[in-house]
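For reference, coords.txt is printed below; it contains compact mmCIF, C-alpha atoms and all ligand atoms.
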# COMPACT_ATOMS: atom_id res chain seq x y z
CA MET Q 1 121.04 124.70 129.13
CA ALA Q 2 122.87 124.53 125.77
CA THR Q 3 126.67 124.26 125.85
CA ASN Q 4 127.10 126.08 122.56
CA TYR Q 5 125.20 128.07 119.98
CA ALA Q 6 124.80 127.91 116.20
CA THR Q 7 123.79 131.17 114.55
CA VAL Q 8 121.67 130.90 111.40
CA THR Q 9 121.60 134.00 109.18
CA TRP Q 10 118.63 135.07 107.02
CA ASP Q 11 120.60 134.03 103.92
CA GLN Q 12 121.40 130.60 105.31
CA LEU Q 13 117.80 130.07 106.43
CA HIS Q 14 116.55 131.02 102.99
CA ARG Q 15 119.00 128.60 101.30
CA ASP Q 16 118.06 125.78 103.69
CA ALA Q 17 114.33 126.38 103.17
CA ARG Q 18 114.80 126.33 99.38
CA GLN Q 19 116.76 123.08 99.68
CA LEU Q 20 113.93 121.55 101.71
CA ALA Q 21 111.42 122.74 99.08
CA GLU Q 22 113.48 121.00 96.40
CA ILE Q 23 113.31 117.70 98.31
CA LEU Q 24 109.57 118.19 98.91
CA ILE Q 25 108.48 118.77 95.31
CA PRO Q 26 108.65 115.07 94.31
CA ARG Q 27 106.65 114.22 97.48
CA GLY Q 28 103.78 116.52 96.45
CA PRO Q 29 101.59 118.09 95.28
CA PHE Q 30 100.21 119.14 98.66
CA ARG Q 31 96.66 120.40 99.37
CA GLY Q 32 98.12 122.82 101.88
CA ILE Q 33 100.77 123.53 104.49
CA VAL Q 34 100.37 123.54 108.26
CA ALA Q 35 102.94 125.90 109.79
CA VAL Q 36 103.88 125.19 113.40
CA THR Q 37 103.86 128.64 114.96
CA ARG Q 38 105.81 130.54 115.55
CA GLY Q 39 109.12 129.09 114.37
CA GLY Q 40 107.62 127.34 111.35
CA LEU Q 41 105.95 130.47 109.94
CA ILE Q 42 108.88 131.92 107.97
CA PRO Q 43 110.17 128.55 106.70
CA ALA Q 44 106.56 127.72 105.67
CA ALA Q 45 106.22 131.03 103.78
CA ILE Q 46 109.44 130.39 101.84
CA ILE Q 47 108.50 126.79 101.07
CA ALA Q 48 104.92 127.73 100.08
CA ARG Q 49 106.34 130.12 97.49
CA GLU Q 50 108.75 127.51 96.09
CA ILE Q 51 106.26 124.64 95.88
CA ASP Q 52 103.49 126.96 94.67
CA CYS Q 53 101.06 126.27 97.51
CA ARG Q 54 98.65 128.98 98.67
CA LEU Q 55 96.64 127.30 101.42
CA ILE Q 56 98.35 127.82 104.79
CA GLU Q 57 96.90 126.60 108.11
CA THR Q 58 98.63 126.94 111.49
CA ILE Q 59 98.96 124.99 114.68
CA SER Q 60 100.25 126.72 117.79
CA VAL Q 61 102.17 124.64 120.32
CA VAL Q 62 103.96 126.32 123.20
CA THR Q 63 106.74 124.26 124.80
CA TYR Q 64 109.67 126.53 125.59
CA ASP Q 65 110.09 129.68 127.66
CA GLU Q 66 113.50 131.09 126.67
CA GLU Q 67 115.68 127.91 126.68
CA GLU Q 68 113.61 126.10 129.34
CA GLN Q 69 111.36 123.23 128.19
CA GLY Q 70 107.95 123.07 129.86
CA LEU Q 71 104.72 121.14 129.37
CA PRO Q 72 103.48 121.52 125.78
CA THR Q 73 100.15 123.31 125.29
CA VAL Q 74 98.16 123.44 122.04
CA LEU Q 75 96.87 127.03 121.72
CA LYS Q 76 95.33 126.59 118.25
CA SER Q 77 94.31 123.44 116.40
CA PRO Q 78 94.79 123.09 112.61
CA VAL Q 79 91.07 122.64 111.87
CA ALA Q 80 91.34 123.26 108.10
CA ALA Q 81 93.75 120.35 107.70
CA GLY Q 82 91.42 117.57 108.95
CA ASP Q 83 93.47 114.45 109.69
CA GLY Q 84 96.37 115.89 107.67
CA GLU Q 85 95.76 113.96 104.45
CA GLY Q 86 97.52 115.76 101.59
CA PHE Q 87 99.01 118.34 103.97
CA LEU Q 88 102.62 119.21 104.67
CA ILE Q 89 103.63 120.24 108.21
CA ILE Q 90 106.53 122.69 108.45
CA ASP Q 91 108.51 123.62 111.56
CA ASP Q 92 111.90 125.28 111.96
CA LEU Q 93 113.44 122.44 113.97
CA VAL Q 94 112.94 119.30 116.02
CA ASP Q 95 114.88 119.16 119.29
CA SER Q 96 113.45 116.68 121.84
CA GLY Q 97 110.72 115.82 119.30
CA VAL Q 98 107.91 116.62 121.80
CA THR Q 99 106.33 119.33 119.62
CA ALA Q 100 106.50 117.14 116.50
CA GLN Q 101 104.94 114.22 118.39
CA ILE Q 102 101.94 116.33 119.44
CA VAL Q 103 101.50 117.80 115.96
CA ARG Q 104 101.71 114.35 114.35
CA GLN Q 105 99.08 112.98 116.74
CA LEU Q 106 96.69 115.72 115.59
CA LEU Q 107 97.57 115.30 111.88
CA PRO Q 108 98.45 111.59 111.50
CA LYS Q 109 98.24 111.59 107.68
CA ALA Q 110 100.42 114.65 107.02
CA LEU Q 111 104.08 114.71 106.01
CA PHE Q 112 106.30 116.44 108.62
CA ALA Q 113 109.35 118.42 107.45
CA CYS Q 114 111.71 120.85 109.14
CA LEU Q 115 114.97 122.63 108.42
CA TYR Q 116 117.11 121.47 111.36
CA ALA Q 117 117.01 118.29 113.43
CA LYS Q 118 118.75 117.28 116.65
CA PRO Q 119 119.33 113.53 117.24
CA SER Q 120 116.45 113.06 119.75
CA GLY Q 121 113.95 114.68 117.39
CA LYS Q 122 115.20 113.09 114.14
CA PRO Q 123 112.90 110.02 114.29
CA LEU Q 124 109.88 112.36 114.57
CA THR Q 125 110.47 114.18 111.28
CA ASP Q 126 109.99 112.70 107.80
CA LEU Q 127 112.44 115.15 106.21
CA PHE Q 128 115.03 117.71 107.34
CA VAL Q 129 118.01 119.55 105.83
CA VAL Q 130 120.75 119.89 108.47
CA GLU Q 131 121.53 117.85 111.58
CA VAL Q 132 122.57 119.83 114.66
CA PRO Q 133 124.22 118.37 117.80
CA GLN Q 134 121.82 117.83 120.71
CA GLU Q 135 123.68 120.21 123.05
CA THR Q 136 123.72 123.07 120.50
CA TRP Q 137 121.07 125.82 120.75
CA VAL Q 138 120.14 127.14 117.30
CA LEU Q 139 119.86 130.94 117.18
CA PHE Q 140 117.45 131.89 114.40
CA PRO Q 141 117.69 135.26 112.63
CA TRP Q 142 114.56 136.44 114.47
CA ASP Q 143 116.30 135.64 117.81
CA THR Q 144 119.37 137.78 117.19
CA ALA Q 145 120.62 141.26 116.25
CA PRO Q 146 124.04 142.51 115.04
CA LEU Q 147 126.04 143.88 117.94
CA PHE Q 148 129.20 146.03 118.13
CA ILE Q 149 132.18 144.23 119.66
CA PRO Q 150 135.49 146.02 120.38
CA PRO Q 151 138.69 145.06 118.40
CA LEU Q 152 140.65 142.15 119.87
CA ALA Q 153 143.63 144.46 120.55
CA ARG Q 154 141.50 146.47 122.97
CA LYS Q 155 140.19 143.43 124.86
CA GLY Q 156 140.73 143.97 128.60
CA ASN Q 157 142.26 147.42 127.93
CA THR Q 158 140.13 149.70 130.04
CA THR Q 159 142.14 152.83 129.11
CA GLY Q 160 141.76 152.55 125.33
O1 LIG J 201 111.40 119.21 119.55
P1 LIG J 201 111.06 120.14 120.66
O2 LIG J 201 111.93 119.91 121.88
O3 LIG J 201 109.62 120.15 121.01
O4 LIG J 201 111.47 121.61 120.19
C1 LIG J 201 111.19 122.12 118.92
C2 LIG J 201 110.19 123.24 118.99
O5 LIG J 201 110.68 124.27 119.87
C3 LIG J 201 110.59 125.52 119.21
O6 LIG J 201 109.33 126.11 119.39
P2 LIG J 201 108.93 126.90 120.72
O7 LIG J 201 108.13 125.98 121.62
O8 LIG J 201 110.16 127.50 121.32
O9 LIG J 201 107.93 128.03 120.23
P3 LIG J 201 108.06 129.08 119.05
O10 LIG J 201 108.12 128.31 117.77
O11 LIG J 201 106.81 129.89 119.18
O12 LIG J 201 109.29 129.92 119.29
C4 LIG J 201 110.79 125.19 117.76
O13 LIG J 201 110.23 126.21 116.93
C5 LIG J 201 110.04 123.88 117.61
O14 LIG J 201 108.67 124.10 117.35
N1 LIG J 202 115.59 128.93 118.90
C1 LIG J 202 115.56 127.64 119.30
N2 LIG J 202 114.41 127.14 119.79
C2 LIG J 202 114.44 125.84 120.19
N3 LIG J 202 113.45 125.11 120.73
C3 LIG J 202 113.97 123.89 120.98
N4 LIG J 202 115.25 123.82 120.62
C4 LIG J 202 115.57 125.04 120.11
C5 LIG J 202 116.78 125.58 119.58
O1 LIG J 202 117.83 124.94 119.47
N5 LIG J 202 116.70 126.90 119.19
MG MG J 203 108.15 126.24 117.51
Would you mind writing the file's structure down as structure tokens?
Amino acid sequence: MATNYATVTWDQLHRDARQLAEILIPRGPFRGIVAVTRGGLIPAAIIAREIDCRLIETISVVTYDEEEQGLPTVLKSPVAAGDGEGFLIIDDLVDSGVTAQIVRQLLPKALFACLYAKPSGKPLTDLFVVEVPQETWVLFPWDTAPLFIPPLARKGNTTG
């Protein structure tokens, strides 16, 4: 279980994805992108727009249920990407690196990039934008919703 949380807003995610695209342009051009569903879908869409790439394939790997890590299962293979030559793999983050390891085994010639990297997963990604502590759970904009909280002055005041 994570000991703390880092909330990423839509704006921040968009800025980080654009920054990754900027780093990726000199590494291209790419024949296509493989988005690691589901978390990689939105970063991949933003990056595809910035690097002007229209061919998007997906790979589906399920590893986590809520915050619990389980055995990874490949639900969909990225058949259109062959051995990955000329392709760019995009995910939202690497944590333990297990998902990235599986994806890389299936696409050994592709470049792997993600927005956020925790120390254990860092060696498994070719490029990333922001490092996050291992014990921090990243809350993506699609994981969260704005919520009313009472003013501090009323905290613990059951009458007001
Ligand atoms: O480095 P790891 O420890 O493998 O963790 C990273 C993976 O975990 C999350 O996906 P998740 O399995 O939760 O599925 P989702 O993308 O469909 O939400 C995240 O989107 C990465 O793909
Ligand atoms: N949302 C989210 N999914 C994850 N999967 C593995 N690590 C994380 C994390 O920090 N945040
Ligand atoms: Mg994922």
Q.
Show me, as a ChimeraX atom specification, the residues that have an atom within 12 Å of Leu88 (chain Q) when counting all atoms listed in the file, minus same-chain residues fewer than 5 positions from it.
A. /Q:20-21,24-25,27-36,40,44,47-48,51,53,55-58,78,81,83,103-104,107-114,125-127
**Q.** 12 Å contact set for Arg15 (chain Q), only C-alpha atoms, chain neighbours under 4 positions out, as a ChimeraX atom specification
**A.** /Q:8-11,19-22,43,46-47,50,115,129-130
Once you have the residues from the selection above, write them out as a PDB file, in the frame of the given file, restricted to C-alpha atoms.
ATOM      1  CA  VAL Q   8     121.670 130.900 111.400  1.00  0.00           C
ATOM      2  CA  THR Q   9     121.600 134.000 109.180  1.00  0.00           C
ATOM      3  CA  TRP Q  10     118.630 135.070 107.020  1.00  0.00           C
ATOM      4  CA  ASP Q  11     120.600 134.030 103.920  1.00  0.00           C
ATOM      5  CA  GLN Q  19     116.760 123.080  99.680  1.00  0.00           C
ATOM      6  CA  LEU Q  20     113.930 121.550 101.710  1.00  0.00           C
ATOM      7  CA  ALA Q  21     111.420 122.740  99.080  1.00  0.00           C
ATOM      8  CA  GLU Q  22     113.480 121.000  96.400  1.00  0.00           C
ATOM      9  CA  PRO Q  43     110.170 128.550 106.700  1.00  0.00           C
ATOM     10  CA  ILE Q  46     109.440 130.390 101.840  1.00  0.00           C
ATOM     11  CA  ILE Q  47     108.500 126.790 101.070  1.00  0.00           C
ATOM     12  CA  GLU Q  50     108.750 127.510  96.090  1.00  0.00           C
ATOM     13  CA  LEU Q 115     114.970 122.630 108.420  1.00  0.00           C
ATOM     14  CA  VAL Q 129     118.010 119.550 105.830  1.00  0.00           C
ATOM     15  CA  VAL Q 130     120.750 119.890 108.470  1.00  0.00           C
TER      16      VAL Q 130
END
Q | Counting only C-alpha atoms and all ligand atoms, the residue of Q:Lys118, Q:Arg18, Q:Lys155, Q:Arg54 that sits nearest ligand LIG 202 (chain J) | A |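 Under the stated criterion, the closest residue is Q:Lys118.
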Q | Contacts with ligand LIG 202 (chain J) at most 12 Å, all atoms listed in the file counted, listed as a ChimeraX atom specification | A | /Q:1-8,37-40,61-70,72,91-100,115-121,131-144
**Q.** Between CA of Phe128 (chain Q) and atom O7 of ligand LIG 201 (chain J) - distance in Å to one decimal
**A.** 17.9 Å
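Of the residues under consideration (Q:Ile90, Q:Ala17, Q:Ile23, Q:Val79), Q:Ile90 shows the shortest atom-to-atom contact distance to ligand MG 203 (chain J) when counting all atoms listed in the file.
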Q. What separation in Å, quoted to one decimal, exists between CA of Ser77 (chain Q) and atom O9 of ligand LIG 201 (chain J)?
A. 14.9 Å
Q. How far is it from atom O5 of ligand LIG 201 (chain J) to CA of Ile59 (chain Q), in Å with one decimal?
A.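 Distance reported for this atom pair: 12.8 Å.
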Q: Could you tell me which of Q:Leu152, Q:Leu106, Q:Leu41, Q:Ala80 comes closest to ligand LIG 201 (chain J) if we count all atoms listed in the file?
A: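 For ligand LIG 201 (chain J), the nearest of the given residues is Q:Leu41.
The nearest approach to ligand MG 203 (chain J) among the residues Q:Ala45, Q:His14, Q:Leu147, Q:Thr73, with only C-alpha atoms and all ligand atoms taken into account, belongs to Q:Thr73.
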Q) Which of these, Q:Arg49, Q:Gly82, Q:Pro146, Q:Ile102, has the shortest distance to ligand MG 203 (chain J) once you count all atoms listed in the file? A)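 Residue with the minimum atom-to-atom distance to ligand MG 203 (chain J): Q:Ile102.
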What would region 101-112 of chain Q look like with all heavy atoms restored, written as a tab-separated table (two decimals), keeping the file's coordinate frame?
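The new file result.tsv reads:
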chain	number	residue	atom	x	y	z
Q	101	GLN	N	105.78	115.35	117.98
Q	101	GLN	CA	104.94	114.22	118.39
Q	101	GLN	C	103.49	114.67	118.57
Q	101	GLN	O	102.56	114.00	118.09
Q	101	GLN	CB	105.48	113.67	119.70
Q	101	GLN	CG	105.00	112.29	120.02
Q	101	GLN	CD	105.77	111.70	121.20
Q	101	GLN	OE1	106.47	112.42	121.92
Q	101	GLN	NE2	105.64	110.42	121.40
Q	102	ILE	N	103.30	115.82	119.21
Q	102	ILE	CA	101.94	116.33	119.44
Q	102	ILE	C	101.28	116.70	118.11
Q	102	ILE	O	100.12	116.37	117.86
Q	102	ILE	CB	102.00	117.55	120.39
Q	102	ILE	CG1	102.34	117.06	121.78
Q	102	ILE	CG2	100.69	118.33	120.39
Q	102	ILE	CD1	102.72	118.13	122.72
Q	103	VAL	N	102.04	117.37	117.26
Q	103	VAL	CA	101.50	117.80	115.96
Q	103	VAL	C	101.13	116.56	115.12
Q	103	VAL	O	100.06	116.52	114.49
Q	103	VAL	CB	102.52	118.70	115.23
Q	103	VAL	CG1	102.08	119.01	113.83
Q	103	VAL	CG2	102.76	119.99	116.01
Q	104	ARG	N	101.97	115.57	115.14
Q	104	ARG	CA	101.71	114.35	114.35
Q	104	ARG	C	100.48	113.61	114.86
Q	104	ARG	O	99.74	113.03	114.07
Q	104	ARG	CB	102.93	113.43	114.38
Q	104	ARG	CG	104.12	114.00	113.65
Q	104	ARG	CD	105.22	112.98	113.57
Q	104	ARG	NE	104.97	112.09	112.46
Q	104	ARG	CZ	105.78	111.97	111.40
Q	104	ARG	NH1	106.89	112.66	111.33
Q	104	ARG	NH2	105.48	111.18	110.43
Q	105	GLN	N	100.28	113.65	116.19
Q	105	GLN	CA	99.08	112.98	116.74
Q	105	GLN	C	97.81	113.65	116.22
Q	105	GLN	O	96.82	113.00	115.95
Q	105	GLN	CB	99.09	113.05	118.26
Q	105	GLN	CG	99.88	111.91	118.91
Q	105	GLN	CD	100.21	112.19	120.36
Q	105	GLN	OE1	99.69	113.13	120.97
Q	105	GLN	NE2	101.08	111.38	120.92
Q	106	LEU	N	97.87	114.99	116.06
Q	106	LEU	CA	96.69	115.72	115.59
Q	106	LEU	C	96.51	115.60	114.08
Q	106	LEU	O	95.39	115.77	113.57
Q	106	LEU	CB	96.80	117.21	115.98
Q	106	LEU	CG	96.68	117.49	117.49
Q	106	LEU	CD1	97.06	118.92	117.79
Q	106	LEU	CD2	95.26	117.19	117.96
Q	107	LEU	N	97.60	115.36	113.35
Q	107	LEU	CA	97.57	115.30	111.88
Q	107	LEU	C	98.28	114.02	111.41
Q	107	LEU	O	99.33	114.08	110.76
Q	107	LEU	CB	98.28	116.53	111.30
Q	107	LEU	CG	97.69	117.89	111.67
Q	107	LEU	CD1	98.68	119.01	111.38
Q	107	LEU	CD2	96.40	118.12	110.89
Q	108	PRO	N	97.71	112.84	111.74
Q	108	PRO	CA	98.45	111.59	111.50
Q	108	PRO	C	98.77	111.31	110.04
Q	108	PRO	O	99.71	110.58	109.76
Q	108	PRO	CB	97.52	110.52	112.10
Q	108	PRO	CG	96.19	111.15	112.22
Q	108	PRO	CD	96.41	112.62	112.40
Q	109	LYS	N	98.00	111.91	109.10
Q	109	LYS	CA	98.24	111.59	107.68
Q	109	LYS	C	99.14	112.60	106.96
Q	109	LYS	O	99.41	112.44	105.77
Q	109	LYS	CB	96.91	111.45	106.95
Q	109	LYS	CG	96.10	110.27	107.46
Q	109	LYS	CD	95.00	109.87	106.51
Q	109	LYS	CE	94.34	108.59	106.97
Q	109	LYS	NZ	93.01	108.41	106.38
Q	110	ALA	N	99.60	113.61	107.68
Q	110	ALA	CA	100.42	114.65	107.02
Q	110	ALA	C	101.89	114.25	106.99
Q	110	ALA	O	102.34	113.40	107.77
Q	110	ALA	CB	100.25	115.96	107.78
Q	111	LEU	N	102.63	114.88	106.09
Q	111	LEU	CA	104.08	114.71	106.01
Q	111	LEU	C	104.71	115.81	106.87
Q	111	LEU	O	104.32	116.98	106.76
Q	111	LEU	CB	104.53	114.85	104.56
Q	111	LEU	CG	105.99	114.54	104.26
Q	111	LEU	CD1	106.20	113.01	104.25
Q	111	LEU	CD2	106.41	115.11	102.91
Q	112	PHE	N	105.67	115.46	107.73
Q	112	PHE	CA	106.30	116.44	108.62
Q	112	PHE	C	107.71	116.74	108.11
Q	112	PHE	O	108.51	115.83	107.90
Q	112	PHE	CB	106.37	115.87	110.05
Q	112	PHE	CG	106.79	116.89	111.09
Q	112	PHE	CD1	105.86	117.43	111.97
Q	112	PHE	CD2	108.11	117.31	111.19
Q	112	PHE	CE1	106.24	118.36	112.93
Q	112	PHE	CE2	108.50	118.24	112.15
Q	112	PHE	CZ	107.57	118.77	113.02
